[in-house]
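Visitor: Structure below; questions to follow.
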Amino acid sequence: MTSSYSLPKSIIASLLGMIVSTSALSADIAHKLRNNTQDKTATENYFELGLGVGIGAAPSLTDDDDKWAGASWIINGSYNWNGLFIEKYGESSDPLLLGYNAYEGENWSLDVVMGPKFGGLHFNDKFKELDDRNSSNMFGARLTGYLGDNVVQLSLKHDISGNSHGTLASALVGRNWQVRNWNFHSLVGVQFFDSRINDYYYGINEAEAQRTQFTKYDPGSNFNATAEVGVTYPLTENWVFRSTARFKTVSDTDMKSPIFETTRSNAISLSTSLTYVF
Amino acid sequence: MLTLLRIKTIKIALLVGHLITVCCFMATNNAYASSTDNIKTANTAQLKVSPKKCIALRKGQKCYLEVVFSWQHSTVSDYCLVNITTNEKMKCWQHQAKGEYSFDFQSTLSNDFALRYQNSTSNLAQTRIPVAWVYKSSKRAKSTWRLF
């Protein structure tokens, strides 16, 4: 139930979740921090709709300009039933997440999660001769710890769809603080992509290289670092204002891929939104 | 015939007399009622707070709101503004019939306030600052393993 900001087409479409989009790689830790839920709360039942605008700079698959600006609808929501939950947060890098809360302790919570990630390439004619990249279905575990004023989240997921066969890991730490009714949050972390994920989404195999202008490319694994600061303010009982600045490093492993039109060593964005909570 | 006419005239006179008496009684009553209302109005204290509602992002979070209380009473006396929820006197006025008070409200719960005579526990007028929130969440259970 999310929507990324209207990034360049290249970003909206596919792999971008991986590196180009500056959306937090944080699964729902960003949501927890934004909504001041580090006081050990379960996935809640709620739904919200809104409109967001953003500007930024990021690598692009199709545009020769790395700057972007746009607006899009925001659809956030989550539902929890006896430990089973579904999450869709605009601030998360996971477009949709199904999960089961296996353990809840005083300071730690363990979820088994599954959800689609990444996407296709055939949104642009530039890639029509390439094999399309299908979505991965990432299955794994998410461990969330509440340590003092900090929230720590570790996750390890593997593709079970058979498309990328890749593995993804992340470690994030964040905290929030309240100034009057303004709720600030900050988040830093690293994310690891193994070579299978990078190869499936950014690589060019022998057959593709022979029939297209793209050169053969076999990427290895890589780490990305991310940082985020934001603020959330309740305007009324139903209307919420948010603003977020994000920074993310982009590895050379990704930028050497011939599918990119414009490369950068990082992705940055500044976004703001207004949502109605039902 | 004359006798009959006289009797009728007397009856009419009596009837008119009764009507006048009833009218007078009603008029007196109305006057009394309106006088009572005036007294009631005069003794009615007013206590208002603005803005009215405090909005927090999440249930359980402390809510902050700069408010102004304004009160008035027909009688000059010694009054106090009291937080009924916390049972604290916030501000007192001596020999006043009205007043204002700016207050930095900070609470996780709705609070009730009242205007009282300084040495009284009776509320002359009441108002409330409701605390509302956007997200309602449930607390996690402690240390529970779930089995598949």
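In the structure tokens, chains take letters A, B, ... by order of appearance, with residues numbered from 1 within each chain and ligands from 1 in the order shown.
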When DSSP is applied to the backbone of this structure, which of region 18-216 of chain A are assigned alpha helix (DSSP H)? Write them out as a list in words.

Guide: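 The alpha helix (DSSP H) residues within region 18-216 of chain A come out as Ile29, Ala30, His31, Lys32, Leu33, Arg34, Ser195, Arg196, Ile197, Asn198, Asp199, Tyr200, Tyr201, Tyr202, Glu206, Ala207, Glu208, Ala209, Gln210 and Arg211 of chain A.
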
Visitor: Using only N, CA and C atoms, please write the residues we just selected to a file, as a compact mmCIF listing (two decimals), in the first residue's frame.

Guide:
```txt
# COMPACT_ATOMS: atom_id res chain seq x y z
N ILE A 29 11.17 -0.36 10.19
CA ILE A 29 11.81 0.38 11.29
C ILE A 29 11.55 1.87 11.11
N ALA A 30 11.54 2.32 9.86
CA ALA A 30 11.27 3.74 9.62
C ALA A 30 9.86 4.10 10.08
N HIS A 31 8.94 3.18 9.84
CA HIS A 31 7.56 3.43 10.27
C HIS A 31 7.50 3.49 11.80
N LYS A 32 8.20 2.56 12.43
CA LYS A 32 8.21 2.56 13.89
C LYS A 32 8.78 3.86 14.43
N LEU A 33 9.85 4.30 13.81
CA LEU A 33 10.49 5.52 14.28
C LEU A 33 9.62 6.74 14.02
N ARG A 34 9.06 6.79 12.82
CA ARG A 34 8.22 7.93 12.46
C ARG A 34 7.05 8.08 13.42
N SER A 195 25.91 -11.47 -4.88
CA SER A 195 26.19 -11.37 -6.31
C SER A 195 25.05 -11.91 -7.17
N ARG A 196 24.25 -12.83 -6.61
CA ARG A 196 23.15 -13.38 -7.41
C ARG A 196 22.08 -12.31 -7.69
N ILE A 197 21.78 -11.54 -6.67
CA ILE A 197 20.80 -10.46 -6.88
C ILE A 197 21.35 -9.46 -7.88
N ASN A 198 22.58 -9.03 -7.65
CA ASN A 198 23.16 -8.04 -8.56
C ASN A 198 23.27 -8.57 -9.98
N ASP A 199 23.63 -9.84 -10.10
CA ASP A 199 23.80 -10.42 -11.42
C ASP A 199 22.46 -10.52 -12.15
N TYR A 200 21.43 -10.92 -11.42
CA TYR A 200 20.13 -11.09 -12.06
C TYR A 200 19.56 -9.74 -12.52
N TYR A 201 19.70 -8.71 -11.67
CA TYR A 201 19.06 -7.44 -12.01
C TYR A 201 19.96 -6.47 -12.78
N TYR A 202 21.25 -6.51 -12.52
CA TYR A 202 22.15 -5.55 -13.19
C TYR A 202 23.11 -6.19 -14.17
N GLU A 206 25.76 -13.55 -21.51
CA GLU A 206 26.39 -13.72 -22.83
C GLU A 206 25.36 -13.58 -23.96
N ALA A 207 24.23 -14.22 -23.77
CA ALA A 207 23.20 -14.20 -24.83
C ALA A 207 22.67 -12.79 -25.04
N GLU A 208 22.45 -12.08 -23.95
CA GLU A 208 21.95 -10.70 -24.07
C GLU A 208 22.99 -9.81 -24.74
N ALA A 209 24.24 -10.02 -24.39
CA ALA A 209 25.31 -9.20 -24.96
C ALA A 209 25.43 -9.41 -26.47
N GLN A 210 25.15 -10.63 -26.90
CA GLN A 210 25.28 -10.94 -28.33
C GLN A 210 24.17 -10.31 -29.17
N ARG A 211 22.97 -10.22 -28.58
CA ARG A 211 21.85 -9.72 -29.39
C ARG A 211 21.52 -8.25 -29.13
```

Visitor: Could you give me the residues within region 20-199 of chain A that DSSP places in strand (DSSP E), as a PyMOL selection string?

Guide: chain A and resi 46-57+67-81+84-88+97-104+108-117+136-147+150-159+167-179+182-193

Visitor: Nearest to Ala45 (chain B): which of B:Lys62, B:His95, B:Lys89, B:Arg116 is it, counting only C-alpha atoms?

Guide: B:Arg116

Visitor: Which residues come within 10 Å of Ser77 (chain B), counting only C-alpha atoms, excluding same-chain residues fewer than 6 positions away, as a PyMOL selection string?

Guide: chain B and resi 93-98+117-118

Visitor: Could you check how far CA of Ser265 (chain A) sits from CA of Asp66 (chain A), in Å to one decimal?

Guide: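 If I compute the distance from CA of Ser265 (chain A) to CA of Asp66 (chain A), I get 11.1 Å.
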